[in-house]
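Just data_24.cif here, mmCIF, C-alpha atoms:
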```cif
data_work
loop_
_atom_site.label_atom_id
_atom_site.label_comp_id
_atom_site.auth_asym_id
_atom_site.auth_seq_id
_atom_site.Cartn_x
_atom_site.Cartn_y
_atom_site.Cartn_z
CA MET A 784 -1.39 105.77 -128.36
CA LYS A 785 -3.97 104.06 -126.13
CA LYS A 786 -3.11 100.72 -127.75
CA LEU A 787 0.62 101.24 -127.03
CA THR A 788 -0.03 101.96 -123.39
CA ILE A 789 -2.11 98.82 -123.02
CA LEU A 790 0.61 96.70 -124.70
CA VAL A 791 3.28 98.07 -122.32
CA CYS A 792 1.18 97.25 -119.28
CA VAL A 793 0.49 93.77 -120.52
CA ALA A 794 4.21 93.23 -121.16
CA LEU A 795 5.13 94.38 -117.68
CA VAL A 796 2.57 92.09 -116.07
CA ALA A 797 3.82 89.14 -118.13
CA PHE A 798 7.42 89.88 -117.19
CA GLY A 799 6.47 89.96 -113.53
CA LEU A 800 4.74 86.63 -113.83
CA ILE A 801 7.83 85.13 -115.45
CA LEU A 802 10.09 86.36 -112.62
CA THR A 803 7.71 85.00 -110.00
CA ALA A 804 7.63 81.63 -111.73
CA CYS A 805 11.41 81.55 -111.67
CA GLY A 806 11.46 82.16 -107.91
CA GLU A 807 12.75 85.72 -108.11
CA ASP A 808 11.12 88.27 -105.83
CA PHE A 809 12.71 91.62 -105.66
CA ASN A 810 10.34 92.90 -103.00
CA THR A 811 11.18 90.24 -100.24
CA GLN A 812 14.43 89.03 -98.49
CA VAL A 813 15.40 85.38 -97.85
CA PRO A 814 14.31 84.61 -94.21
CA THR A 815 17.00 83.62 -91.62
CA THR A 816 16.53 80.08 -90.11
CA GLU A 817 16.31 80.23 -86.29
CA ALA A 818 18.03 77.55 -84.01
CA HIS A 819 15.61 74.78 -83.07
CA THR A 820 14.94 74.18 -79.38
CA HIS A 821 14.09 70.51 -78.72
CA SER A 822 10.91 69.81 -76.89
CA TYR A 823 11.13 66.23 -75.63
CA ASP A 824 8.31 64.16 -74.31
CA GLU A 825 8.58 62.03 -71.15
CA TRP A 826 11.22 59.29 -70.79
CA LYS A 827 9.94 55.88 -71.84
CA VAL A 828 11.58 52.61 -70.81
CA THR A 829 12.56 50.58 -73.87
CA LYS A 830 14.47 47.90 -71.96
CA GLU A 831 13.91 47.06 -68.33
CA PRO A 832 17.07 46.80 -66.15
CA THR A 833 17.81 43.54 -64.42
CA CYS A 834 20.23 42.52 -61.72
CA THR A 835 22.83 41.67 -64.35
CA GLU A 836 22.17 44.02 -67.29
CA LYS A 837 21.58 47.74 -67.66
CA GLY A 838 18.21 48.96 -68.92
CA GLU A 839 17.54 51.67 -71.49
CA GLN A 840 15.10 54.55 -71.81
CA GLU A 841 14.38 57.11 -74.55
CA ARG A 842 12.52 60.34 -75.25
CA ILE A 843 11.56 61.94 -78.56
CA CYS A 844 11.37 65.59 -79.66
CA ALA A 845 8.53 66.97 -81.80
CA CYS A 846 11.08 67.25 -84.62
CA GLY A 847 11.75 63.54 -84.44
CA GLU A 848 15.13 63.77 -82.66
CA LYS A 849 15.63 60.83 -80.22
CA GLU A 850 17.69 60.75 -77.01
CA THR A 851 18.59 57.58 -75.06
CA MET A 852 19.93 56.93 -71.56
CA ASP A 853 21.08 53.85 -69.62
CA ILE A 854 19.18 52.64 -66.57
CA PRO A 855 21.63 51.27 -63.90
CA ILE A 856 21.72 47.60 -62.92
CA LEU A 857 19.38 46.82 -60.06
CA CYS A 858 20.59 45.76 -56.61
CA SER A 859 19.16 42.66 -55.07
CA PRO A 860 16.11 43.83 -53.10
CA GLY A 861 16.40 44.02 -49.34
CA LEU A 862 20.10 44.85 -49.02
CA GLU A 863 21.00 47.06 -46.08
CA TYR A 864 23.04 50.22 -46.58
CA THR A 865 24.20 53.42 -44.94
CA VAL A 866 24.36 56.80 -46.64
CA ASN A 867 27.89 58.21 -46.85
CA SER A 868 28.85 61.68 -45.60
CA ASP A 869 28.46 63.24 -49.05
CA GLY A 870 24.74 62.52 -48.94
CA LYS A 871 24.84 61.11 -52.45
CA THR A 872 26.56 57.74 -52.15
CA CYS A 873 26.11 54.72 -49.93
CA THR A 874 27.89 51.66 -48.53
CA VAL A 875 26.26 48.23 -48.52
CA THR A 876 26.34 46.98 -44.93
CA GLY A 877 24.44 43.70 -44.95
CA ILE A 878 22.12 41.25 -46.56
CA GLY A 879 19.07 42.54 -44.67
CA THR A 880 15.87 40.81 -45.75
CA CYS A 881 17.42 39.47 -48.94
CA THR A 882 16.94 35.74 -49.27
CA ASP A 883 18.56 35.34 -52.69
CA THR A 884 21.49 33.02 -53.24
CA GLU A 885 22.69 35.16 -56.16
CA ILE A 886 23.50 38.64 -54.89
CA PHE A 887 23.69 41.61 -57.27
CA ILE A 888 25.23 44.80 -55.97
CA GLY A 889 24.13 47.35 -58.53
CA ALA A 890 25.02 51.00 -59.07
CA TYR A 891 22.17 52.48 -56.99
CA ILE A 892 19.99 51.75 -53.98
CA ASP A 893 17.05 54.09 -53.44
CA GLY A 894 18.77 56.73 -55.57
CA TYR A 895 22.12 56.55 -53.74
CA GLN A 896 25.12 55.42 -55.75
CA VAL A 897 26.81 52.34 -54.26
CA THR A 898 30.53 53.00 -53.83
CA ALA A 899 31.59 50.45 -51.20
CA ILE A 900 30.85 47.14 -49.54
CA GLY A 901 31.32 47.63 -45.83
CA GLU A 902 33.25 45.70 -43.21
CA LYS A 903 31.65 42.31 -42.45
CA ALA A 904 28.72 43.18 -44.77
CA PHE A 905 28.14 39.52 -45.75
CA TYR A 906 30.09 37.87 -42.93
CA ASP A 907 29.30 34.14 -42.71
CA CYS A 908 26.42 34.29 -45.25
CA PHE A 909 26.88 30.65 -46.17
CA LYS A 910 23.83 30.45 -48.47
CA ILE A 911 25.20 32.90 -51.06
CA THR A 912 26.50 31.16 -54.19
CA HIS A 913 27.15 33.98 -56.67
CA ILE A 914 28.21 37.62 -56.27
CA THR A 915 28.11 40.31 -58.98
CA MET A 916 29.20 43.92 -58.41
CA SER A 917 28.62 46.99 -60.55
CA ASP A 918 31.46 49.24 -61.68
CA SER A 919 30.45 51.87 -59.12
CA VAL A 920 31.88 49.79 -56.23
CA ALA A 921 35.37 51.07 -55.39
CA ALA A 922 36.19 49.41 -52.06
CA ILE A 923 35.55 45.96 -50.59
CA GLY A 924 35.88 46.20 -46.82
CA ASP A 925 37.64 43.95 -44.33
CA TYR A 926 35.87 40.62 -43.77
CA ALA A 927 33.20 41.66 -46.32
CA PHE A 928 32.55 38.07 -47.47
CA TYR A 929 34.43 36.21 -44.75
CA GLN A 930 33.40 32.54 -44.44
CA CYS A 931 30.85 32.71 -47.24
CA VAL A 932 31.59 29.05 -47.82
CA GLY A 933 28.93 28.63 -50.52
CA ILE A 934 30.23 31.23 -52.99
CA VAL A 935 31.14 29.48 -56.25
CA SER A 936 31.73 32.51 -58.46
CA MET A 937 32.31 36.20 -57.94
CA THR A 938 32.48 39.08 -60.45
CA MET A 939 34.07 42.30 -59.29
CA GLY A 940 33.22 45.59 -60.97
CA ASN A 941 35.93 47.41 -62.89
CA GLY A 942 35.81 50.26 -60.39
CA VAL A 943 37.26 48.27 -57.47
CA THR A 944 40.59 49.67 -56.22
CA THR A 945 40.98 48.06 -52.78
CA ILE A 946 40.32 44.56 -51.46
CA GLY A 947 40.37 44.60 -47.67
CA ASP A 948 41.91 42.21 -45.16
CA TYR A 949 40.14 38.83 -44.97
CA ALA A 950 37.64 40.09 -47.60
CA PHE A 951 37.05 36.62 -49.11
CA SER A 952 38.87 34.54 -46.52
CA GLU A 953 37.55 30.97 -46.17
CA CYS A 954 35.28 31.19 -49.23
CA ARG A 955 36.03 27.51 -49.65
CA SER A 956 33.90 26.92 -52.77
CA LEU A 957 35.24 29.87 -54.79
CA ALA A 958 36.74 28.40 -57.96
CA GLY A 959 38.55 31.43 -59.38
CA VAL A 960 38.97 35.16 -59.18
CA THR A 961 39.66 37.96 -61.68
CA ILE A 962 41.02 41.05 -59.99
CA PRO A 963 40.28 44.26 -61.96
CA ASP A 964 43.00 46.54 -63.29
CA GLY A 965 42.05 49.29 -60.85
CA VAL A 966 43.08 47.27 -57.78
CA THR A 967 46.41 48.33 -56.27
CA LEU A 968 46.26 46.54 -52.91
CA ILE A 969 45.21 42.98 -52.09
CA GLY A 970 44.78 42.93 -48.33
CA ASP A 971 46.21 40.52 -45.78
CA TYR A 972 44.50 37.11 -45.82
CA ALA A 973 42.16 38.41 -48.57
CA PHE A 974 41.70 34.93 -50.12
CA PHE A 975 43.07 32.76 -47.32
CA TYR A 976 41.89 29.15 -47.33
CA CYS A 977 39.95 29.33 -50.59
CA GLY A 978 40.65 25.64 -51.01
CA ARG A 979 38.94 25.13 -54.39
CA MET A 980 40.43 28.14 -56.14
CA VAL A 981 42.23 26.94 -59.25
CA SER A 982 42.95 30.25 -61.00
CA ILE A 983 43.91 33.83 -60.16
CA THR A 984 44.01 36.64 -62.71
CA MET A 985 45.50 39.80 -61.25
CA GLY A 986 45.01 43.26 -62.72
CA LYS A 987 47.98 45.12 -64.15
CA ASN A 988 48.15 47.74 -61.37
CA VAL A 989 48.48 45.60 -58.24
CA THR A 990 51.53 46.79 -56.30
CA THR A 991 51.20 44.89 -53.02
CA ILE A 992 50.10 41.32 -52.35
CA GLY A 993 49.33 41.29 -48.65
CA ASP A 994 50.48 38.85 -46.00
CA CYS A 995 48.96 35.40 -46.52
CA ALA A 996 46.72 36.84 -49.27
CA PHE A 997 46.41 33.48 -51.05
CA CYS A 998 47.82 31.07 -48.50
CA ASP A 999 46.19 27.65 -48.18
CA CYS A 1000 44.66 27.84 -51.66
CA GLY A 1001 45.34 24.15 -52.09
CA SER A 1002 43.93 23.75 -55.62
CA LEU A 1003 45.97 26.56 -57.15
CA THR A 1004 48.45 25.24 -59.73
CA SER A 1005 50.07 28.35 -61.24
CA VAL A 1006 50.34 32.08 -60.59
CA ASN A 1007 51.30 34.94 -62.90
CA ILE A 1008 52.19 37.97 -60.84
CA PRO A 1009 51.87 41.23 -62.84
CA ASP A 1010 54.82 43.53 -63.50
CA SER A 1011 53.34 46.20 -61.25
CA VAL A 1012 53.90 44.20 -58.03
CA THR A 1013 56.81 45.33 -55.86
CA ILE A 1014 56.08 43.48 -52.60
CA ILE A 1015 55.03 39.88 -52.06
CA GLY A 1016 53.88 39.77 -48.45
CA ASN A 1017 54.75 37.28 -45.73
CA GLY A 1018 53.17 33.90 -46.42
CA ALA A 1019 51.41 35.27 -49.52
CA PHE A 1020 51.22 31.84 -51.21
CA ALA A 1021 52.19 29.59 -48.31
CA SER A 1022 50.76 26.06 -48.25
CA CYS A 1023 49.52 26.21 -51.85
CA LYS A 1024 50.40 22.53 -52.04
CA ASN A 1025 49.56 22.06 -55.75
CA LEU A 1026 51.34 25.18 -56.98
CA THR A 1027 53.83 23.96 -59.59
CA SER A 1028 55.01 27.19 -61.16
CA VAL A 1029 55.20 30.87 -60.30
CA THR A 1030 56.48 33.82 -62.31
CA ILE A 1031 58.00 36.57 -60.20
CA PRO A 1032 58.35 39.76 -62.28
CA ASN A 1033 61.32 42.11 -62.33
CA SER A 1034 59.31 44.76 -60.49
CA VAL A 1035 59.45 42.79 -57.21
CA THR A 1036 62.10 43.93 -54.74
CA THR A 1037 61.08 41.99 -51.63
CA ILE A 1038 59.92 38.41 -51.10
CA GLY A 1039 58.40 38.24 -47.64
CA GLU A 1040 58.86 35.65 -44.92
CA GLY A 1041 57.35 32.27 -45.74
CA SER A 1042 55.94 33.56 -49.05
CA PHE A 1043 56.00 30.12 -50.67
CA GLU A 1044 56.56 27.93 -47.63
CA PHE A 1045 55.11 24.39 -47.87
CA CYS A 1046 54.43 24.68 -51.62
CA HIS A 1047 55.28 20.99 -51.99
CA SER A 1048 54.72 20.81 -55.78
CA LEU A 1049 56.84 23.84 -56.74
CA THR A 1050 59.71 22.60 -58.90
CA ASN A 1051 61.67 25.69 -59.98
CA VAL A 1052 61.82 29.39 -59.21
CA THR A 1053 63.46 32.29 -61.00
CA ILE A 1054 64.05 35.23 -58.72
CA PRO A 1055 64.35 38.48 -60.72
CA ASP A 1056 67.37 40.75 -60.82
CA ARG A 1057 65.96 43.53 -58.64
CA ILE A 1058 65.37 41.35 -55.58
CA THR A 1059 67.44 42.50 -52.62
CA THR A 1060 65.74 40.63 -49.78
CA ILE A 1061 64.43 37.09 -49.44
CA GLY A 1062 62.62 36.69 -46.13
CA ASN A 1063 62.95 33.94 -43.54
CA ARG A 1064 61.60 30.56 -44.68
CA ALA A 1065 60.47 32.02 -48.01
CA PHE A 1066 60.74 28.65 -49.77
CA ALA A 1067 61.05 26.33 -46.78
CA TYR A 1068 59.76 22.78 -47.25
CA CYS A 1069 59.19 23.15 -50.98
CA SER A 1070 60.10 19.49 -51.17
CA SER A 1071 59.94 19.26 -55.00
CA LEU A 1072 62.02 22.37 -55.64
CA VAL A 1073 64.92 21.34 -57.87
CA SER A 1074 66.43 24.62 -59.02
CA VAL A 1075 66.41 28.24 -57.96
CA ASN A 1076 67.98 31.25 -59.63
CA ILE A 1077 69.29 33.83 -57.13
CA PRO A 1078 70.29 37.19 -58.67
CA ASP A 1079 73.47 39.17 -58.03
CA SER A 1080 71.34 41.97 -56.53
CA ILE A 1081 70.61 39.94 -53.38
CA THR A 1082 71.89 41.57 -50.19
CA THR A 1083 69.92 39.78 -47.47
CA LEU A 1084 69.03 36.12 -47.27
CA GLY A 1085 66.78 35.30 -44.34
CA SER A 1086 67.01 32.28 -42.08
CA ALA A 1087 65.87 28.81 -43.16
CA VAL A 1088 64.97 30.13 -46.64
CA PHE A 1089 65.42 26.69 -48.23
CA GLU A 1090 65.06 24.48 -45.18
CA GLY A 1091 63.49 21.13 -46.03
CA CYS A 1092 64.02 21.57 -49.80
CA ARG A 1093 65.39 18.05 -50.10
CA SER A 1094 65.33 17.98 -53.93
CA LEU A 1095 67.28 21.24 -54.39
CA GLN A 1096 70.44 20.97 -56.49
CA TYR A 1097 73.54 22.94 -55.49
CA ALA A 1098 76.83 23.96 -57.03
CA SER A 1099 79.80 22.45 -55.20
CA TYR A 1100 83.26 23.85 -54.45
CA GLU A 1101 85.88 22.68 -51.94
CA ASN A 1102 83.52 20.71 -49.70
CA CYS A 1103 80.85 23.44 -49.62
CA LYS A 1104 77.55 23.80 -51.48
CA TYR A 1105 76.31 26.99 -53.11
CA LEU A 1106 73.30 28.60 -54.78
CA GLY A 1107 73.47 31.31 -57.39
CA ASN A 1108 72.82 31.90 -61.07
CA ALA A 1109 74.30 31.12 -64.48
CA ASN A 1110 76.82 33.95 -64.19
CA ASN A 1111 77.81 33.18 -60.61
CA PRO A 1112 76.82 29.76 -59.23
CA TYR A 1113 78.79 30.50 -56.02
CA LEU A 1114 76.87 33.60 -54.96
CA VAL A 1115 75.54 32.18 -51.66
CA LEU A 1116 77.46 29.65 -49.58
CA MET A 1117 74.71 27.52 -48.06
CA ALA A 1118 76.55 24.89 -46.03
CA ALA A 1119 79.60 22.74 -45.61
CA ASN A 1120 79.17 19.27 -47.14
CA GLU A 1121 81.27 17.71 -44.40
CA LYS A 1122 81.46 18.92 -40.83
CA ASN A 1123 84.66 17.22 -39.73
CA LEU A 1124 87.35 19.13 -41.69
CA SER A 1125 89.90 21.45 -40.12
CA THR A 1126 90.07 23.96 -42.99
CA TYR A 1127 87.66 25.18 -45.67
CA THR A 1128 88.19 27.38 -48.72
CA ILE A 1129 85.39 29.78 -49.64
CA HIS A 1130 85.00 30.64 -53.32
CA ASN A 1131 86.16 34.17 -54.21
CA ASP A 1132 82.84 34.96 -55.96
CA THR A 1133 80.81 34.37 -52.81
CA LYS A 1134 78.73 37.33 -51.61
CA ILE A 1135 76.68 35.86 -48.75
CA ILE A 1136 77.46 33.18 -46.17
CA ALA A 1137 74.11 31.76 -45.14
CA GLU A 1138 72.99 31.10 -41.57
CA ASN A 1139 74.48 28.01 -39.91
CA ALA A 1140 76.71 27.47 -42.96
CA PHE A 1141 79.63 26.16 -40.87
CA SER A 1142 77.73 25.58 -37.64
CA ARG A 1143 79.29 22.79 -35.54
CA CYS A 1144 82.28 22.27 -37.80
CA THR A 1145 84.04 21.30 -34.62
CA ASN A 1146 87.45 20.58 -36.20
CA MET A 1147 87.74 23.94 -37.99
CA THR A 1148 90.75 25.90 -36.73
CA THR A 1149 91.03 28.81 -39.20
CA ILE A 1150 88.88 30.40 -41.89
CA THR A 1151 89.47 33.14 -44.47
CA ILE A 1152 86.44 35.06 -45.68
CA PRO A 1153 87.08 36.54 -49.16
CA ASP A 1154 86.86 40.26 -49.89
CA GLY A 1155 83.64 39.81 -51.94
CA VAL A 1156 81.57 38.62 -48.98
CA THR A 1157 79.17 41.31 -47.72
CA THR A 1158 76.87 39.40 -45.37
CA ILE A 1159 77.49 36.68 -42.79
CA GLY A 1160 74.28 35.07 -41.62
CA ASP A 1161 73.02 34.05 -38.20
CA PHE A 1162 75.16 31.49 -36.33
CA ALA A 1163 77.31 30.94 -39.42
CA PHE A 1164 80.28 29.65 -37.35
CA SER A 1165 78.52 28.81 -34.09
CA GLY A 1166 79.79 25.82 -32.17
CA CYS A 1167 83.18 25.78 -33.94
CA HIS A 1168 84.96 25.01 -30.66
CA ARG A 1169 88.49 24.80 -32.09
CA LEU A 1170 88.33 27.93 -34.26
CA THR A 1171 91.20 30.21 -33.24
CA SER A 1172 91.65 32.62 -36.16
CA VAL A 1173 89.32 34.35 -38.65
CA THR A 1174 90.24 36.65 -41.55
CA PHE A 1175 87.58 39.09 -42.84
CA GLY A 1176 87.51 40.82 -46.21
CA ASN A 1177 86.97 44.58 -46.15
CA LYS A 1178 83.56 44.54 -47.91
CA VAL A 1179 81.65 42.93 -45.07
CA THR A 1180 78.68 45.12 -44.15
CA ILE A 1181 76.54 42.79 -41.99
CA ILE A 1182 77.55 40.36 -39.24
CA ALA A 1183 74.37 38.75 -37.97
CA ALA A 1184 73.37 37.27 -34.61
CA GLY A 1185 75.49 34.56 -32.99
CA VAL A 1186 77.98 34.33 -35.87
CA PHE A 1187 80.72 33.17 -33.45
CA TYR A 1188 78.47 31.86 -30.70
CA ASP A 1189 80.20 29.23 -28.55
CA CYS A 1190 83.56 29.71 -30.31
CA GLY A 1191 85.50 29.59 -27.05
CA SER A 1192 88.95 29.21 -28.63
CA LEU A 1193 88.78 32.31 -30.85
CA ILE A 1194 91.77 34.57 -30.07
CA GLU A 1195 92.25 36.73 -33.17
CA ILE A 1196 90.27 38.33 -35.99
CA HIS A 1197 92.17 39.78 -38.95
CA PHE A 1198 90.26 42.52 -40.80
CA ASN A 1199 91.51 43.76 -44.15
CA GLY A 1200 90.39 47.31 -43.45
CA THR A 1201 90.84 50.16 -41.00
CA LYS A 1202 89.55 50.42 -37.46
CA GLU A 1203 87.04 53.02 -38.64
CA GLN A 1204 85.75 50.61 -41.32
CA TRP A 1205 85.36 47.88 -38.73
CA GLN A 1206 83.24 50.15 -36.57
CA THR A 1207 80.87 50.93 -39.47
CA ILE A 1208 80.01 47.25 -40.01
CA GLU A 1209 76.44 46.48 -38.93
CA LYS A 1210 76.86 43.93 -36.14
CA HIS A 1211 74.07 42.25 -34.22
CA ILE A 1212 74.30 42.86 -30.50
CA TYR A 1213 74.96 39.14 -29.94
CA TRP A 1214 77.27 38.51 -32.88
CA ASN A 1215 80.14 37.54 -30.58
CA TYR A 1216 78.17 36.07 -27.70
CA SER A 1217 80.03 33.37 -25.76
CA THR A 1218 83.35 33.65 -27.62
CA GLY A 1219 86.95 33.61 -26.39
CA GLN A 1220 89.09 36.66 -25.57
CA TYR A 1221 90.11 37.87 -29.02
CA THR A 1222 91.98 40.78 -30.60
CA ILE A 1223 90.87 42.43 -33.87
CA HIS A 1224 93.87 43.24 -36.09
CA CYS A 1225 93.04 46.05 -38.54
CA THR A 1226 95.35 47.56 -41.16
CA ASP A 1227 95.94 50.61 -38.96
CA GLY A 1228 96.12 48.98 -35.55
CA ASP A 1229 94.43 46.61 -33.13
CA ILE A 1230 91.12 46.60 -31.30
CA GLU A 1231 91.00 44.59 -28.10
#
```
Show me this structure written as C-alpha cells.
Amino acid sequence: MKKLTILVCVALVAFGLILTACGEDFNTQVPTTEAHTHSYDEWKVTKEPTCTEKGEQERICACGEKETMDIPILCSPGLEYTVNSDGKTCTVTGIGTCTDTEIFIGAYIDGYQVTAIGEKAFYDCFKITHITMSDSVAAIGDYAFYQCVGIVSMTMGNGVTTIGDYAFSECRSLAGVTIPDGVTLIGDYAFFYCGRMVSITMGKNVTTIGDCAFCDCGSLTSVNIPDSVTIIGNGAFASCKNLTSVTIPNSVTTIGEGSFEFCHSLTNVTIPDRITTIGNRAFAYCSSLVSVNIPDSITTLGSAVFEGCRSLQYASYENCKYLGNANNPYLVLMAANEKNLSTYTIHNDTKIIAENAFSRCTNMTTITIPDGVTTIGDFAFSGCHRLTSVTFGNKVTIIAAGVFYDCGSLIEIHFNGTKEQWQTIEKHIYWNYSTGQYTIHCTDGDIE
C-alpha cells in the first residue's frame, strides 16, 4: 500500500511537469497588455533649415518609436516687421539692416508667422536681385517692390491670394513671373513697365486683371489668360509692343478701355462669345492687326476701338466696311468707304453702327437703319449737312452722343415703333445737338 501511494504521487508530479513544459498553467490567467505611453526625448535637429529649404527635427521614444517635424524656412536676417492684431502673425514692413541681394521671406520671424508683405516694404530697394516667399505669405501690399529695378527673378509662395496695386511696378529687370493658383486679383499697375518680362504664367483662379497691370511690358510676346478671368482692366496690356498673340477665354465679359492699345506686333484676335462690351481704344494702333473676330453677343463698342489699325481687313457691302465673325461678317458697320455718295444701304444683319461711321458724308440725303440695329455710336451721322430724312428700326436701344450733330437739314425721323417705345430708347443728352427742326413719326402718331 505504501508503494502504491508513492507511485501515485510520483505520477502526479510528473504530469504536472509535463503540463508546465507545454505552457499550460491552470493556476494563473493570461495577463492583459496595457496601452503604451510614449516617452520621447528632446527634439534633435537632423537637417538645418536654410533660407530656401525647410529643416527637419526628430525625437525618439524609449520604445524606439520616432517622430519627425519640419523646421520652417528662415527669413533673411534683419528684416523689419510689425506684429498683427492677432498677436500671432506679422507683416514684413522693410528691409531693415538686411544687406543681402537675395531676400528670403520665410514662414516665421522671431516666432511670428509671416502672412503679408506690407505697403512699400521694399520700395526702391534697387540692390535686390532675387525674391523668394514662403507659402505663409497671403498678401503682397501696394507698392511692395515698386522700382526694385535690380530684381531678376521672383518666386511667390503658393499661399498668395492678392497682389496689390503697383506691387512690382517698374521692376525693369524681372524676366518672368508665375502667379500662384490662389491669386484672384492682380492689382492696378501691378507689373507696369517690367520691360524685360518675357513670360507670364497666371494661376487658374485669377478673376480680375487690374488696370494697366502689365502695360509697357515691352518684351512680352504672348499671353494665355486663364478661364477664370472675367474682367480685363483698362490698359491691362497696353504698349506691349512685342505681343504677337493673346488668348482671351470665354469667361471674359468685358475688355476695358485701351486694353491692348499700341500692341504693334499683335496680328489677330479672337474675342469670345460672352463679350458684351469692348472699351474705348481697346485695340487702337495695333498696326499689325490683320483680323479680329467679334461675337454676336457684343452690345457696346467703344470709341476708336480699332483706330490706327491700318492692316485690319474688313468685309465690304454697298460702299461700307464691316467687322464681324464667320457667321455674320456684317455685325458692326465701321465706316463708309466713300464719303461723297447721296445714299447708302446698310446690311440687314448689322447690329451696331460704330462711331463716326457716316461722319461728314456731306451728300447723304436719306438713310434707312435696319430693324436689327440696336446701337448707334457717337457722332455716327455728324456733319451730314444735307441729311433730311432718317428711318429707324424698332430694335434700337442706344443712341449715343452727337449722332446727328450738325445735321441742320434734318426735318423728319421715321421710327418703326410706338411713341412709348421711342421714349424708352437710351439717348445721350446731346444725341440731337445742333440739328434742324424735325418731327418723329411713330406708328401711333407724331412727336414734335
*Convert the output of the PyMOL selection byres ((chain A and resi 1118) around 8) on the shown file into explicit residues, formatted as a ChimeraX atom specification.*
/A:1103-1105,1116-1117,1119-1120,1137,1139-1141
Take the residues from that selection and write them out as a PDB file, keeping the file's coordinate frame, keeping C-alpha atoms.
```
ATOM      1  CA  CYS A1103      80.850  23.440 -49.620  1.00  0.00           C
ATOM      2  CA  LYS A1104      77.550  23.800 -51.480  1.00  0.00           C
ATOM      3  CA  TYR A1105      76.310  26.990 -53.110  1.00  0.00           C
ATOM      4  CA  LEU A1116      77.460  29.650 -49.580  1.00  0.00           C
ATOM      5  CA  MET A1117      74.710  27.520 -48.060  1.00  0.00           C
ATOM      6  CA  ALA A1119      79.600  22.740 -45.610  1.00  0.00           C
ATOM      7  CA  ASN A1120      79.170  19.270 -47.140  1.00  0.00           C
ATOM      8  CA  ALA A1137      74.110  31.760 -45.140  1.00  0.00           C
ATOM      9  CA  ASN A1139      74.480  28.010 -39.910  1.00  0.00           C
ATOM     10  CA  ALA A1140      76.710  27.470 -42.960  1.00  0.00           C
ATOM     11  CA  PHE A1141      79.630  26.160 -40.870  1.00  0.00           C
TER      12      PHE A1141
END
```
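Once the PyMOL selection byres ((chain A and resi 1060) around 6) is applied to this file, the selection holds Thr1037, Ile1058, Thr1059, Ile1061 and Thr1083 of chain A.
Separating CA of Arg842 (chain A) from CA of Leu857 (chain A) is a distance of 21.5 Å.
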*asked:* Could you check the closest approach to Ile1015 (chain A) for each of A:Gly1001, A:Gly1062, A:Gly870, A:Gly959 and tell me which residue wins, using only C-alpha atoms?
replied: A:Gly1062
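Comparing A:Ile900, A:Cys995, A:Val1006, A:Ile1150 by their smallest distance to Ala921 (chain A), the closest is A:Ile900 (using all atoms listed in the file).
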*If the PyMOL selection byres ((chain A and resi 1084-1090) around 7) is run on the structure shown, which residues does it catch, given as an MDAnalysis selection string?*
chainID A and resid 1060:1068 1082:1083 1091:1092 1138
Just-selected residues, C-alpha atoms written as a PDB file, in the frame of the given file:
```pdb
ATOM      1  CA  THR A1060      65.740  40.630 -49.780  1.00  0.00           C
ATOM      2  CA  ILE A1061      64.430  37.090 -49.440  1.00  0.00           C
ATOM      3  CA  GLY A1062      62.620  36.690 -46.130  1.00  0.00           C
ATOM      4  CA  ASN A1063      62.950  33.940 -43.540  1.00  0.00           C
ATOM      5  CA  ARG A1064      61.600  30.560 -44.680  1.00  0.00           C
ATOM      6  CA  ALA A1065      60.470  32.020 -48.010  1.00  0.00           C
ATOM      7  CA  PHE A1066      60.740  28.650 -49.770  1.00  0.00           C
ATOM      8  CA  ALA A1067      61.050  26.330 -46.780  1.00  0.00           C
ATOM      9  CA  TYR A1068      59.760  22.780 -47.250  1.00  0.00           C
ATOM     10  CA  THR A1082      71.890  41.570 -50.190  1.00  0.00           C
ATOM     11  CA  THR A1083      69.920  39.780 -47.470  1.00  0.00           C
ATOM     12  CA  GLY A1091      63.490  21.130 -46.030  1.00  0.00           C
ATOM     13  CA  CYS A1092      64.020  21.570 -49.800  1.00  0.00           C
ATOM     14  CA  GLU A1138      72.990  31.100 -41.570  1.00  0.00           C
TER      15      GLU A1138
END
```
*In Å, with one decimal, what is the gap from CA of Tyr1097 (chain A) to CA of Ser1125 (chain A)?*
22.5 Å
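Computed from the coordinates, the CA of Gln1220 (chain A) to CA of His1168 (chain A) distance equals 13.4 Å.
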*Please provide the set of residues having any atom within 10 Å of Tyr1213 (chain A), restricted to only C-alpha atoms, with same-chain residues fewer than 4 positions apart removed, written as an NGL selection string.*
:A and (1161-1162 or 1182-1188 or 1217)
_Ile1136 (chain A) environment, 6 Å, all atoms listed in the file, sequence neighbours closer than 4 positions dropped, as a PyMOL selection string_ = chain A and resi 1115-1116+1159-1160
*Kindly provide, as an MDAnalysis selection string, the polymer residues lying within 9 Å of (85.0, 18.2, -47.9), counting all atoms listed in the file and using the coordinates exactly as they appear in the file.*
chainID A and resid 1100:1103 1119:1124 1127
*Among listed residues A:Lys903, A:Thr1004, A:Met939, A:Glu841, nearest Phe887 (chain A) (using all atoms listed in the file)*: A:Met939
*Find the residue from A:Cys858, A:Leu968, A:Ile923, A:Met852 that sits nearest to Ile892 (chain A); use all atoms listed in the file when measuring.*
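The answer is A:Cys858, which sits nearest to Ile892 (chain A).
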*Tell me which of A:Gly993, A:His1130, A:Lys849, A:Leu1193 sits closest to Val1012 (chain A), counting all atoms listed in the file.*
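Using all atoms listed in the file, the shortest distance to Val1012 (chain A) belongs to A:Gly993.
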